[in-house]
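Right, one structure below, let's go through it.
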Amino acid sequence: MSTVAVEVVYRGIFQKSLARNIVRSIVFAARKEGKIGTAFGRYGDSPERNGIPAKQFAIVADTAEELEENLAVYQAHEVDVTINVDDTLCKGVESWAWYGLEPINKLTKPNGTLIVTSRQTAESLIEDIHQREEPFSLSIIPGVPSFSGLWVYKDDHTDVRILGTLCKVCPQLVSLKSMVEAIKDQGWSDLKITSAEKAYERATDRPVEPGEGSASVPFSFELPGWKTMEEGLVIRGQGAGGGFRGGEEGFQPDRNEVFKKWSTRSMRPVVNFETCIKCTLCWLQCPDTCFDVTPDGLFDANMEACCGCGVCEAVCPVPECVTMVNEAEFNDNNSQWEAWQLDKDGYKKWMTVLIEKEKLVERTHGFHHVGQYAEEAANAGDN
Amino acid sequence: MTIAPAQAAMYQEEREELISGSEAIGIACALADVDVITAYPIRPYDTVMQYVSKLKADGAFDCDFIVAESEHSQFEIVKHASAVGARTFCGSSGVGWFYAFEAIAVTAGLRLPVVAMVGNRALDDPGAFGVEHNDALAVRDLGWMLYWVATAQEALDIALLAYKVAEDPRVFLPFALSCDGSFLTHSQAIVNVPTFEQVQKFLPNYDRGRLLLHPDNPITIAPQVNEDWLMEIRRQSDEAMRRSTAVIKEHYEDFKRTFGRGDPSPFIEEYMVDDAEIVLVGMGTLALPARVAVRRLREAGKKVGFLRVKFFRPFATEEIQEALSRCKAVAVIDRDYSYGSPANGGVLFNELRSAMYAASNHPHILNFIAGLGGREVLVRDINGIVDTTQQAIDIGKIEQETTWVAVRE
Ligand code: SF4
Ligand code: SF4
């Protein structure tokens, strides 16, 4: 008598097929062992938008009656394993439904496992993950997060590597043998079976103790009641805003304190304040009004508000003045302009390293520059 | 009727699939070899149209698939197709269903056996994708048969039954399958998919007979009538709906014989109702947490049962009276509302209380409004409902007829 639940936390659209392959394979594999299961997405995430944090679940049980305890829900109420297929989501998951920011392991049971695909070390990831009172295990599958589009699937074996690892870290779910059969049944190649088996052998496990991890408190809020809510479906607009950091100079718009959506971001803009020509284009074009106007007339992208769309980089007329950088490089949402004010040389060094590093990696997703798609298509034709 | 070879090849052996309730209905359409399907996107119904278009693109379903420019046209097209003898399917959700309402009303008036899926969704505004039953319930007075599904398997099974009942010349009324948004439309479960052969044995071709709109059978349909004819026409529809009860029973027995599964009654599901002192009543996927709660309460020695109303139309008055004849109190859980109605309660509650007026036993009947907009109805909510109902038994009267469950004050 047992029920095992697994969640996949992923980036909407870009990783939807990946998440679906994982949760469906779990149910297929469990079926091989005579168990019964269900696979579903968190309905509050739909319709999915590019990059929004989203979840899919697989729940398997020995009997239909046990499974029934977990049906007709929006999400599993707790899970044995959380699978995070984009390591930047370790910083927290803000659904586009009104749940606030939730720690990546919020649903993970005490002593459960968090599987992450990442190039980062365990220590670096743990810095991002919110502390909690119960221990859990972190299992890293080395690799870059696998991103593709809605109509294409990047078959880089991330799905089967995760499934192989899952069988190792959660043996009560299904055996590797059943998983391999489920992979075969779906018509996947022998190569994918090998990948699953290798991942099983190589799976690692890093215990994370209570108190380890980020001490920041995820933002949350009270939902209003029917007596306290305004009538007529009215939502009051934000205030007009005022001076930078409440001062006399510059400008900073009022922002929603409970709906921030920065966890949608897998890249963030880094601004070179020295080459900025104050043309205002980033400030005007940012779809989320993220830029604060500083007292010296510069534009500081506010990381509590930025969803990482890359428009500012695309519109900035000065080369390398705004550069989108992998979100995994950062551990906080602090102001870049303030850092620059404190130590201009230090800022420049830090920024240059990041920008040079970024040039070396191929961007997996997101808006890079106009014409990028045409170039990629042409290059693909060469190969 | 000939079936496309690729379509026939898909369903030669019984098999299991991991599919959602919507996908199960899509497969039922292919198995029933539906001729004309119309679509217009609205969540959560759109999961059916996505799946049907995929089956069609894969060559596994040969049908005319028409994406209309609105829900109104979507329902108009199937209405006409049905009149000329095509087996049809369409569907919608929430306000999309309401946008088609003129066509929905006349489809029943014309006695056309259209089968539609309603992916239950809250009526905007406010924008909400989650389940409420008010969308589908709006057709309750029009001559549509109306069924609430609880599982993906049931969605497939009842879609097949729907064609057989709706197309029976004794009935010739449209049939709506209500499926809770998210819990059915977006959740994948293991479903047994029958073979073409089994389905063909069960489901004859649609024969419109003397009512067929065709040059070889010159007729006019939908004439203008006034006070001179209309009452008689309404009475005919009324008689067809009355007849449907026996037809449903007959065909459901046939379904069980052919496919080897099904409940004792097509109209209601009784879960530990026999000796229950308190009976919970609800529709759709509410059955899942309700059954869990009943099992746990039984383990704790409490005599509780659950009655699921499957057919809302025709309403199984006698079966429900009989099932509730022994209990002390009934708790009707509505995933809908009816502002200003008797007791300010829900639609199901008022319907059921009215049905019980003529019953020999008069249990206390309490109403609980729960799970609106798709809010999860949890086992602890149901325990609370049972406690409130027990209090009515203990003090011998109902202090509050309608209670909103898990609503923030
Ligand atoms: S990436 Fe740039 S344009 Fe996009 S939200 Fe962030 S600051 Fe605004
Ligand atoms: S677009 Fe570039 S140059 Fe223009 S204000 Fe923004 S950062 Fe400065």
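Ordering of the structure tokens sets the chain letters (A, B, ...), residue numbers begin anew at 1 in every chain, and ligands are numbered from 1 in the order given.
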
Considering only C-alpha atoms, give me a table of residues in chain B that are at most 7 Å from chain A, with the closest atom pair and distance in Å for each, as a Markdown table.
| residue | atom | partner | partner_atom | distance |
| --- | --- | --- | --- | --- |
| B:Pro126 | CA | A:Leu233 | CA | 6.8 |
| B:Ser182 | CA | A:Tyr43 | CA | 6.0 |
| B:Phe183 | CA | A:Ala72 | CA | 4.8 |
| B:His186 | CA | A:Phe40 | CA | 6.3 |
| B:Ser187 | CA | A:Phe40 | CA | 4.6 |
| B:Gln188 | CA | A:Ala39 | CA | 5.1 |
| B:Ala189 | CA | A:Thr38 | CA | 4.9 |
| B:Thr285 | CA | A:Ala72 | CA | 6.3 |
| B:Leu288 | CA | A:Glu68 | CA | 5.9 |
| B:Pro289 | CA | A:Glu69 | CA | 6.6 |
| B:Val292 | CA | A:Glu69 | CA | 6.1 |
| B:Glu376 | CA | A:Val73 | CA | 5.7 |
| B:Arg408 | CA | A:Gly225 | CA | 4.3 |
| B:Glu409 | CA | A:Gly225 | CA | 4.5 |

For all heavy atoms, I'd like the residues from the last selection saved as a compact mmCIF listing (two decimals), in the first residue's frame.
# COMPACT_ATOMS: atom_id res chain seq x y z
N PRO B 126 -15.40 37.46 -13.43
CA PRO B 126 -13.98 37.62 -13.69
C PRO B 126 -13.45 36.45 -14.52
O PRO B 126 -14.01 35.35 -14.46
CB PRO B 126 -13.38 37.57 -12.28
CG PRO B 126 -14.31 36.68 -11.53
CD PRO B 126 -15.67 36.98 -12.07
N SER B 182 -10.12 21.09 -16.01
CA SER B 182 -8.90 20.69 -15.31
C SER B 182 -8.97 19.24 -14.84
O SER B 182 -8.25 18.40 -15.36
CB SER B 182 -8.59 21.60 -14.11
OG SER B 182 -7.49 21.08 -13.40
N PHE B 183 -9.83 18.94 -13.88
CA PHE B 183 -9.79 17.62 -13.25
C PHE B 183 -10.06 16.50 -14.25
O PHE B 183 -9.58 15.38 -14.09
CB PHE B 183 -10.78 17.55 -12.08
CG PHE B 183 -10.59 18.67 -11.09
CD1 PHE B 183 -11.67 19.39 -10.61
CD2 PHE B 183 -9.32 19.03 -10.66
CE1 PHE B 183 -11.49 20.43 -9.70
CE2 PHE B 183 -9.13 20.07 -9.76
CZ PHE B 183 -10.22 20.77 -9.28
N HIS B 186 -7.89 18.08 -18.28
CA HIS B 186 -6.44 18.25 -18.33
C HIS B 186 -5.69 17.21 -17.50
O HIS B 186 -4.51 17.36 -17.26
CB HIS B 186 -6.04 19.65 -17.85
CG HIS B 186 -6.34 20.73 -18.85
ND1 HIS B 186 -7.62 21.03 -19.26
CD2 HIS B 186 -5.53 21.56 -19.54
CE1 HIS B 186 -7.57 22.01 -20.15
NE2 HIS B 186 -6.32 22.36 -20.34
N SER B 187 -6.37 16.19 -17.02
CA SER B 187 -5.69 15.16 -16.22
C SER B 187 -5.73 13.85 -16.97
O SER B 187 -6.78 13.42 -17.43
CB SER B 187 -6.38 14.99 -14.88
OG SER B 187 -6.41 16.22 -14.20
N GLN B 188 -4.55 13.22 -17.07
CA GLN B 188 -4.47 11.99 -17.84
C GLN B 188 -4.60 10.77 -16.92
O GLN B 188 -3.96 10.72 -15.88
CB GLN B 188 -3.13 11.91 -18.58
CG GLN B 188 -2.87 13.11 -19.48
CD GLN B 188 -1.40 13.26 -19.81
OE1 GLN B 188 -0.83 12.41 -20.46
NE2 GLN B 188 -0.77 14.32 -19.33
N ALA B 189 -5.43 9.84 -17.33
CA ALA B 189 -5.63 8.62 -16.55
C ALA B 189 -5.57 7.44 -17.50
O ALA B 189 -5.63 7.60 -18.72
CB ALA B 189 -6.99 8.67 -15.86
N THR B 285 -16.53 15.32 -10.84
CA THR B 285 -15.33 14.83 -10.14
C THR B 285 -15.39 15.06 -8.63
O THR B 285 -14.50 14.61 -7.92
CB THR B 285 -14.06 15.52 -10.66
OG1 THR B 285 -14.22 16.93 -10.51
CG2 THR B 285 -13.82 15.20 -12.12
N LEU B 288 -14.71 12.10 -6.40
CA LEU B 288 -13.43 11.53 -5.99
C LEU B 288 -13.12 11.86 -4.53
O LEU B 288 -12.96 10.94 -3.72
CB LEU B 288 -12.33 11.96 -6.96
CG LEU B 288 -12.69 11.67 -8.44
CD1 LEU B 288 -11.71 12.34 -9.37
CD2 LEU B 288 -12.75 10.19 -8.72
N PRO B 289 -13.04 13.15 -4.14
CA PRO B 289 -12.82 13.40 -2.71
C PRO B 289 -13.99 12.90 -1.85
O PRO B 289 -13.77 12.51 -0.70
CB PRO B 289 -12.69 14.93 -2.62
CG PRO B 289 -13.29 15.46 -3.87
CD PRO B 289 -13.09 14.40 -4.92
N VAL B 292 -13.46 9.27 -1.03
CA VAL B 292 -12.36 9.12 -0.07
C VAL B 292 -12.86 9.47 1.33
O VAL B 292 -12.63 8.74 2.30
CB VAL B 292 -11.17 10.03 -0.45
CG1 VAL B 292 -10.09 9.99 0.62
CG2 VAL B 292 -10.60 9.62 -1.81
N GLU B 376 -10.28 23.45 -5.14
CA GLU B 376 -10.30 22.04 -4.77
C GLU B 376 -11.28 21.82 -3.62
O GLU B 376 -11.30 22.60 -2.67
CB GLU B 376 -8.90 21.59 -4.31
CG GLU B 376 -7.87 21.57 -5.42
CD GLU B 376 -6.45 21.35 -4.89
OE1 GLU B 376 -6.27 21.20 -3.66
OE2 GLU B 376 -5.52 21.33 -5.72
N ARG B 408 -13.39 32.52 1.91
CA ARG B 408 -12.74 33.46 2.83
C ARG B 408 -13.72 34.57 3.20
O ARG B 408 -14.36 35.15 2.33
CB ARG B 408 -11.49 34.06 2.20
CG ARG B 408 -10.34 33.09 2.09
CD ARG B 408 -9.07 33.82 1.67
NE ARG B 408 -9.25 34.54 0.43
CZ ARG B 408 -9.10 34.01 -0.78
NH1 ARG B 408 -8.74 32.76 -0.92
NH2 ARG B 408 -9.31 34.74 -1.85
N GLU B 409 -13.84 34.84 4.50
CA GLU B 409 -14.78 35.88 4.96
C GLU B 409 -14.24 37.27 4.65
O GLU B 409 -13.08 37.50 4.61
CB GLU B 409 -15.01 35.74 6.46
CG GLU B 409 -15.87 34.53 6.80
CD GLU B 409 -17.33 34.69 6.36
OE1 GLU B 409 -17.90 35.77 6.54
OE2 GLU B 409 -17.88 33.71 5.81

What are the closest atom pairs, with distances in Å to one decimal, for all residues of chain A lying within 6 Å of ligand 1? Consider only C-alpha atoms and all ligand atoms, order rows by chain and residue number, and present the result as a Markdown table.
| residue | atom | partner | partner_atom_place_in_ligand_line | distance |
| --- | --- | --- | --- | --- |
| A:Arg268 | CA | ligand 1 | 1 (S) | 5.8 |
| A:Pro269 | CA | ligand 1 | 1 (S) | 5.6 |
| A:Cys286 | CA | ligand 1 | 3 (S) | 3.7 |
| A:Pro287 | CA | ligand 1 | 8 (Fe) | 5.9 |
| A:Asp288 | CA | ligand 1 | 5 (S) | 5.4 |
| A:Cys290 | CA | ligand 1 | 8 (Fe) | 5.1 |
| A:Ala301 | CA | ligand 1 | 7 (S) | 5.0 |
| A:Cys306 | CA | ligand 1 | 6 (Fe) | 3.8 |
| A:Cys307 | CA | ligand 1 | 5 (S) | 4.6 |
| A:Gly308 | CA | ligand 1 | 1 (S) | 3.7 |
| A:Cys309 | CA | ligand 1 | 4 (Fe) | 3.8 |
| A:Gly310 | CA | ligand 1 | 1 (S) | 3.9 |
| A:Val311 | CA | ligand 1 | 3 (S) | 4.2 |
| A:Cys312 | CA | ligand 1 | 3 (S) | 4.1 |

TODO: Considering only C-alpha atoms, return as a ChimeraX atom specification whatever protein or nucleic-acid residues lie within 12 Å of Ser17 (chain A), sequence-local ones (same chain, fewer than 2 positions apart) excluded.
DONE: /A:8,10-15,19-25,41,55-56,85,146-155,158-159

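CA of Val386 (chain B) to CA of Ser2 (chain A) spans 27.3 Å [interatomic distance, one decimal].
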
Write out as a PDB file with all heavy atoms, in the first residue's frame the set of residues from region 84-117 of chain A that DSSP, computed on the backbone, places in strand (DSSP E).
ATOM      1  N   ASN A  84      13.632  19.529 -11.047  1.00  0.00           N
ATOM      2  CA  ASN A  84      13.723  20.899 -11.547  1.00  0.00           C
ATOM      3  C   ASN A  84      14.569  20.886 -12.811  1.00  0.00           C
ATOM      4  O   ASN A  84      15.762  20.611 -12.763  1.00  0.00           O
ATOM      5  CB  ASN A  84      14.355  21.786 -10.463  1.00  0.00           C
ATOM      6  CG  ASN A  84      14.599  23.195 -10.964  1.00  0.00           C
ATOM      7  OD1 ASN A  84      14.203  23.555 -12.077  1.00  0.00           O
ATOM      8  ND2 ASN A  84      15.259  24.002 -10.151  1.00  0.00           N
ATOM      9  N   VAL A  93       9.727  29.713  -7.131  1.00  0.00           N
ATOM     10  CA  VAL A  93       8.756  29.495  -8.191  1.00  0.00           C
ATOM     11  C   VAL A  93       7.547  30.373  -7.914  1.00  0.00           C
ATOM     12  O   VAL A  93       6.860  30.199  -6.915  1.00  0.00           O
ATOM     13  CB  VAL A  93       8.310  28.013  -8.205  1.00  0.00           C
ATOM     14  CG1 VAL A  93       7.288  27.764  -9.296  1.00  0.00           C
ATOM     15  CG2 VAL A  93       9.512  27.097  -8.362  1.00  0.00           C
ATOM     16  N   GLU A  94       7.321  31.348  -8.786  1.00  0.00           N
ATOM     17  CA  GLU A  94       6.120  32.158  -8.629  1.00  0.00           C
ATOM     18  C   GLU A  94       5.164  31.796  -9.750  1.00  0.00           C
ATOM     19  O   GLU A  94       5.407  32.109 -10.912  1.00  0.00           O
ATOM     20  CB  GLU A  94       6.441  33.655  -8.666  1.00  0.00           C
ATOM     21  CG  GLU A  94       5.219  34.510  -8.347  1.00  0.00           C
ATOM     22  CD  GLU A  94       5.449  36.007  -8.525  1.00  0.00           C
ATOM     23  OE1 GLU A  94       6.467  36.400  -9.104  1.00  0.00           O
ATOM     24  OE2 GLU A  94       4.572  36.771  -8.095  1.00  0.00           O
ATOM     25  N   LEU A 101       5.683  33.700  -4.046  1.00  0.00           N
ATOM     26  CA  LEU A 101       6.900  32.984  -4.432  1.00  0.00           C
ATOM     27  C   LEU A 101       7.023  31.752  -3.536  1.00  0.00           C
ATOM     28  O   LEU A 101       6.921  31.865  -2.317  1.00  0.00           O
ATOM     29  CB  LEU A 101       8.122  33.883  -4.258  1.00  0.00           C
ATOM     30  CG  LEU A 101       9.437  33.270  -4.750  1.00  0.00           C
ATOM     31  CD1 LEU A 101       9.522  33.326  -6.273  1.00  0.00           C
ATOM     32  CD2 LEU A 101      10.642  34.005  -4.148  1.00  0.00           C
ATOM     33  N   GLU A 102       7.214  30.598  -4.140  1.00  0.00           N
ATOM     34  CA  GLU A 102       7.321  29.372  -3.339  1.00  0.00           C
ATOM     35  C   GLU A 102       8.713  28.770  -3.503  1.00  0.00           C
ATOM     36  O   GLU A 102       9.242  28.725  -4.620  1.00  0.00           O
ATOM     37  CB  GLU A 102       6.264  28.361  -3.785  1.00  0.00           C
ATOM     38  CG  GLU A 102       4.849  28.864  -3.545  1.00  0.00           C
ATOM     39  CD  GLU A 102       3.774  27.865  -3.933  1.00  0.00           C
ATOM     40  OE1 GLU A 102       4.052  26.996  -4.780  1.00  0.00           O
ATOM     41  OE2 GLU A 102       2.674  27.957  -3.374  1.00  0.00           O
ATOM     42  N   THR A 108       8.313  19.106  -1.534  1.00  0.00           N
ATOM     43  CA  THR A 108       9.150  17.921  -1.320  1.00  0.00           C
ATOM     44  C   THR A 108       9.026  17.442   0.131  1.00  0.00           C
ATOM     45  O   THR A 108       9.224  18.226   1.060  1.00  0.00           O
ATOM     46  CB  THR A 108      10.639  18.235  -1.610  1.00  0.00           C
ATOM     47  OG1 THR A 108      10.707  19.179  -2.674  1.00  0.00           O
ATOM     48  CG2 THR A 108      11.409  16.988  -1.967  1.00  0.00           C
ATOM     49  N   LYS A 109       8.705  16.167   0.291  1.00  0.00           N
ATOM     50  CA  LYS A 109       8.539  15.617   1.644  1.00  0.00           C
ATOM     51  C   LYS A 109       9.856  15.668   2.408  1.00  0.00           C
ATOM     52  O   LYS A 109      10.927  15.646   1.793  1.00  0.00           O
ATOM     53  CB  LYS A 109       8.132  14.139   1.550  1.00  0.00           C
ATOM     54  CG  LYS A 109       6.712  13.902   1.149  1.00  0.00           C
ATOM     55  CD  LYS A 109       6.470  12.396   1.113  1.00  0.00           C
ATOM     56  CE  LYS A 109       5.124  12.096   0.503  1.00  0.00           C
ATOM     57  NZ  LYS A 109       4.962  10.668   0.212  1.00  0.00           N
ATOM     58  N   PRO A 110       9.812  15.683   3.732  1.00  0.00           N
ATOM     59  CA  PRO A 110      11.049  15.554   4.505  1.00  0.00           C
ATOM     60  C   PRO A 110      11.802  14.305   4.036  1.00  0.00           C
ATOM     61  O   PRO A 110      11.175  13.249   3.832  1.00  0.00           O
ATOM     62  CB  PRO A 110      10.548  15.377   5.943  1.00  0.00           C
ATOM     63  CG  PRO A 110       9.191  15.994   5.954  1.00  0.00           C
ATOM     64  CD  PRO A 110       8.619  15.817   4.579  1.00  0.00           C
ATOM     65  N   ASN A 111      13.084  14.437   3.843  1.00  0.00           N
ATOM     66  CA  ASN A 111      13.944  13.361   3.328  1.00  0.00           C
ATOM     67  C   ASN A 111      13.654  12.982   1.875  1.00  0.00           C
ATOM     68  O   ASN A 111      14.157  11.970   1.394  1.00  0.00           O
ATOM     69  CB  ASN A 111      13.885  12.108   4.215  1.00  0.00           C
ATOM     70  CG  ASN A 111      14.376  12.414   5.621  1.00  0.00           C
ATOM     71  OD1 ASN A 111      15.439  12.990   5.791  1.00  0.00           O
ATOM     72  ND2 ASN A 111      13.558  12.095   6.608  1.00  0.00           N
ATOM     73  N   GLY A 112      12.866  13.771   1.217  1.00  0.00           N
ATOM     74  CA  GLY A 112      12.629  13.558  -0.213  1.00  0.00           C
ATOM     75  C   GLY A 112      13.826  14.063  -1.017  1.00  0.00           C
ATOM     76  O   GLY A 112      14.830  14.509  -0.450  1.00  0.00           O
ATOM     77  N   THR A 113      13.695  13.982  -2.347  1.00  0.00           N
ATOM     78  CA  THR A 113      14.831  14.350  -3.188  1.00  0.00           C
ATOM     79  C   THR A 113      14.462  15.468  -4.154  1.00  0.00           C
ATOM     80  O   THR A 113      13.350  15.486  -4.687  1.00  0.00           O
ATOM     81  CB  THR A 113      15.307  13.127  -4.008  1.00  0.00           C
ATOM     82  OG1 THR A 113      15.602  12.076  -3.095  1.00  0.00           O
ATOM     83  CG2 THR A 113      16.548  13.456  -4.829  1.00  0.00           C
ATOM     84  N   LEU A 114      15.406  16.357  -4.359  1.00  0.00           N
ATOM     85  CA  LEU A 114      15.284  17.383  -5.390  1.00  0.00           C
ATOM     86  C   LEU A 114      16.301  17.061  -6.477  1.00  0.00           C
ATOM     87  O   LEU A 114      17.504  17.062  -6.218  1.00  0.00           O
ATOM     88  CB  LEU A 114      15.565  18.768  -4.770  1.00  0.00           C
ATOM     89  CG  LEU A 114      15.733  19.939  -5.738  1.00  0.00           C
ATOM     90  CD1 LEU A 114      14.440  20.206  -6.516  1.00  0.00           C
ATOM     91  CD2 LEU A 114      16.138  21.209  -4.976  1.00  0.00           C
ATOM     92  N   ILE A 115      15.822  16.751  -7.675  1.00  0.00           N
ATOM     93  CA  ILE A 115      16.717  16.485  -8.802  1.00  0.00           C
ATOM     94  C   ILE A 115      16.809  17.769  -9.628  1.00  0.00           C
ATOM     95  O   ILE A 115      15.778  18.365  -9.954  1.00  0.00           O
ATOM     96  CB  ILE A 115      16.166  15.338  -9.687  1.00  0.00           C
ATOM     97  CG1 ILE A 115      16.099  14.030  -8.901  1.00  0.00           C
ATOM     98  CG2 ILE A 115      17.009  15.164 -10.953  1.00  0.00           C
ATOM     99  CD1 ILE A 115      15.483  12.863  -9.684  1.00  0.00           C
ATOM    100  N   VAL A 116      18.018  18.192  -9.962  1.00  0.00           N
ATOM    101  CA  VAL A 116      18.186  19.408 -10.768  1.00  0.00           C
ATOM    102  C   VAL A 116      19.131  19.116 -11.926  1.00  0.00           C
ATOM    103  O   VAL A 116      20.177  18.491 -11.730  1.00  0.00           O
ATOM    104  CB  VAL A 116      18.789  20.566  -9.927  1.00  0.00           C
ATOM    105  CG1 VAL A 116      18.798  21.856 -10.737  1.00  0.00           C
ATOM    106  CG2 VAL A 116      18.016  20.770  -8.638  1.00  0.00           C
ATOM    107  N   THR A 117      18.772  19.557 -13.127  1.00  0.00           N
ATOM    108  CA  THR A 117      19.751  19.513 -14.223  1.00  0.00           C
ATOM    109  C   THR A 117      20.513  20.830 -14.177  1.00  0.00           C
ATOM    110  O   THR A 117      19.918  21.903 -14.257  1.00  0.00           O
ATOM    111  CB  THR A 117      19.077  19.381 -15.601  1.00  0.00           C
ATOM    112  OG1 THR A 117      18.126  20.434 -15.743  1.00  0.00           O
ATOM    113  CG2 THR A 117      18.376  18.062 -15.759  1.00  0.00           C
TER     114      THR A 117
END

TODO: Name the residues, by chain letter and number, that sit within 7 Å of ligand 2 using only C-alpha atoms and all ligand atoms, and give them as a VMD selection string.
DONE: chain A and resid 271 276 to 283 298 to 299 312 315 to 318 321 to 322

Task: Long-range neighbours of Pro174 (chain B) as a PyMOL selection string, 6 Å cut-off, only C-alpha atoms, 3 positions minimum in chain - done: chain B and resi 108+112-115+144+166

Can those selected residues be exported to a file as a compact mmCIF listing (two decimals), in the first residue's frame so that it contains N, CA and C atoms?
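Listing of out_30.txt after writing:
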# COMPACT_ATOMS: atom_id res chain seq x y z
N ALA B 108 -32.24 21.60 -29.85
CA ALA B 108 -33.18 20.77 -29.08
C ALA B 108 -34.58 20.91 -29.66
N LEU B 112 -32.70 17.40 -32.87
CA LEU B 112 -31.52 16.90 -33.57
C LEU B 112 -30.52 16.29 -32.58
N PRO B 113 -30.07 15.07 -32.88
CA PRO B 113 -29.25 14.34 -31.91
C PRO B 113 -27.78 14.73 -31.92
N VAL B 114 -27.52 16.01 -31.77
CA VAL B 114 -26.13 16.49 -31.69
C VAL B 114 -25.56 16.05 -30.33
N VAL B 115 -24.31 15.62 -30.33
CA VAL B 115 -23.63 15.34 -29.05
C VAL B 115 -22.57 16.41 -28.83
N TRP B 144 -32.23 19.29 -23.75
CA TRP B 144 -30.95 18.61 -23.89
C TRP B 144 -30.85 17.58 -22.77
N ALA B 166 -29.24 9.45 -28.10
CA ALA B 166 -29.71 10.66 -28.80
C ALA B 166 -30.28 10.32 -30.17

TODO: Compile the contact shell of Met241 (chain B) as an NGL selection string: residues with an atom at most 9 Å away, counting only C-alpha atoms, same-chain residues fewer than 4 positions apart removed.
DONE: :B and (143-145 or 171 or 173 or 236-237 or 245 or 313-314)

Open item on the list: Applying 10 Å and only C-alpha atoms, which residues near Arg202 (chain A) remain after dropping the ones on its own chain fewer than 5 positions away? List them as number ranges by chain.
Closed with: A: 141, 161, 164-165, 168, 196-197

As a compact mmCIF listing (two decimals) with C-alpha atoms, in the first residue's frame, please: the residues near region 15-23 of chain B (cut-off 10 Å, only C-alpha atoms, same-chain neighbours under 4 positions excluded).
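Here's the written file result.txt:
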# COMPACT_ATOMS: atom_id res chain seq x y z
CA ARG A 24 3.94 10.16 -18.71
CA VAL A 27 2.98 6.39 -15.20
CA PHE A 28 3.80 3.97 -18.05
CA GLY A 37 -1.24 6.42 -12.03
CA THR A 38 -2.20 9.82 -13.28
CA ALA A 39 -0.27 12.57 -15.03
CA PHE A 40 -1.39 16.18 -15.11
CA TYR B 11 -8.71 0.18 -33.07
CA ILE B 27 -11.25 8.74 -29.27
CA ALA B 28 -14.94 7.99 -28.70
CA CYS B 29 -15.71 10.27 -31.65
CA PRO B 44 -10.84 23.86 -21.23
CA TYR B 45 -13.00 22.40 -24.05
CA ASP B 46 -10.22 23.14 -26.58
CA THR B 47 -8.35 20.03 -25.41
CA VAL B 48 -10.90 17.98 -27.38
CA MET B 49 -10.45 19.93 -30.59
CA GLN B 50 -6.67 19.73 -30.27
CA TYR B 51 -6.84 15.99 -29.94
CA VAL B 52 -9.34 15.47 -32.73
CA LEU B 55 -6.05 12.22 -34.80
CA MET B 117 -19.01 18.26 -24.68
CA VAL B 118 -19.09 21.05 -22.14
CA GLY B 119 -15.72 21.54 -20.51
CA VAL B 149 -18.81 12.64 -16.02
CA ALA B 150 -16.42 11.69 -13.18
CA THR B 151 -13.53 9.88 -14.87
CA ALA B 152 -11.81 9.76 -18.26
CA GLN B 153 -13.04 6.18 -18.75
CA GLU B 154 -16.59 7.29 -18.12
CA ALA B 155 -16.13 10.13 -20.62
CA LEU B 156 -15.31 7.64 -23.37
CA CYS B 179 -16.67 17.41 -17.92
CA ASP B 180 -15.10 19.33 -15.06
CA GLY B 181 -12.43 21.68 -16.35
CA SER B 182 -8.90 20.69 -15.31
CA PHE B 183 -9.79 17.62 -13.25
CA LEU B 184 -11.10 15.78 -16.30
CA THR B 185 -10.10 17.84 -19.29
CA HIS B 186 -6.44 18.25 -18.33
CA SER B 187 -5.69 15.16 -16.22
CA GLN B 188 -4.47 11.99 -17.84
CA ALA B 189 -5.63 8.62 -16.55
CA ILE B 190 -5.40 5.04 -17.74
CA VAL B 191 -8.36 4.39 -20.05
CA ASN B 192 -9.47 1.16 -21.70
CA VAL B 193 -10.05 1.81 -25.38
CA PRO B 194 -12.45 -0.68 -27.00
CA THR B 195 -12.23 -1.98 -30.55

TODO: May I ask for the distance between CA of Ala305 (chain A) and CA of Leu360 (chain A), given in Å to one decimal place?
DONE: 27.5 Å

TODO: Going by DSSP on the backbone, which bits of region 77-230 of chain A are helix (DSSP H, G or I)? Write them as a ChimeraX atom specification, please.
DONE: /A:87-91,122-128,158-169,176-185,190-202
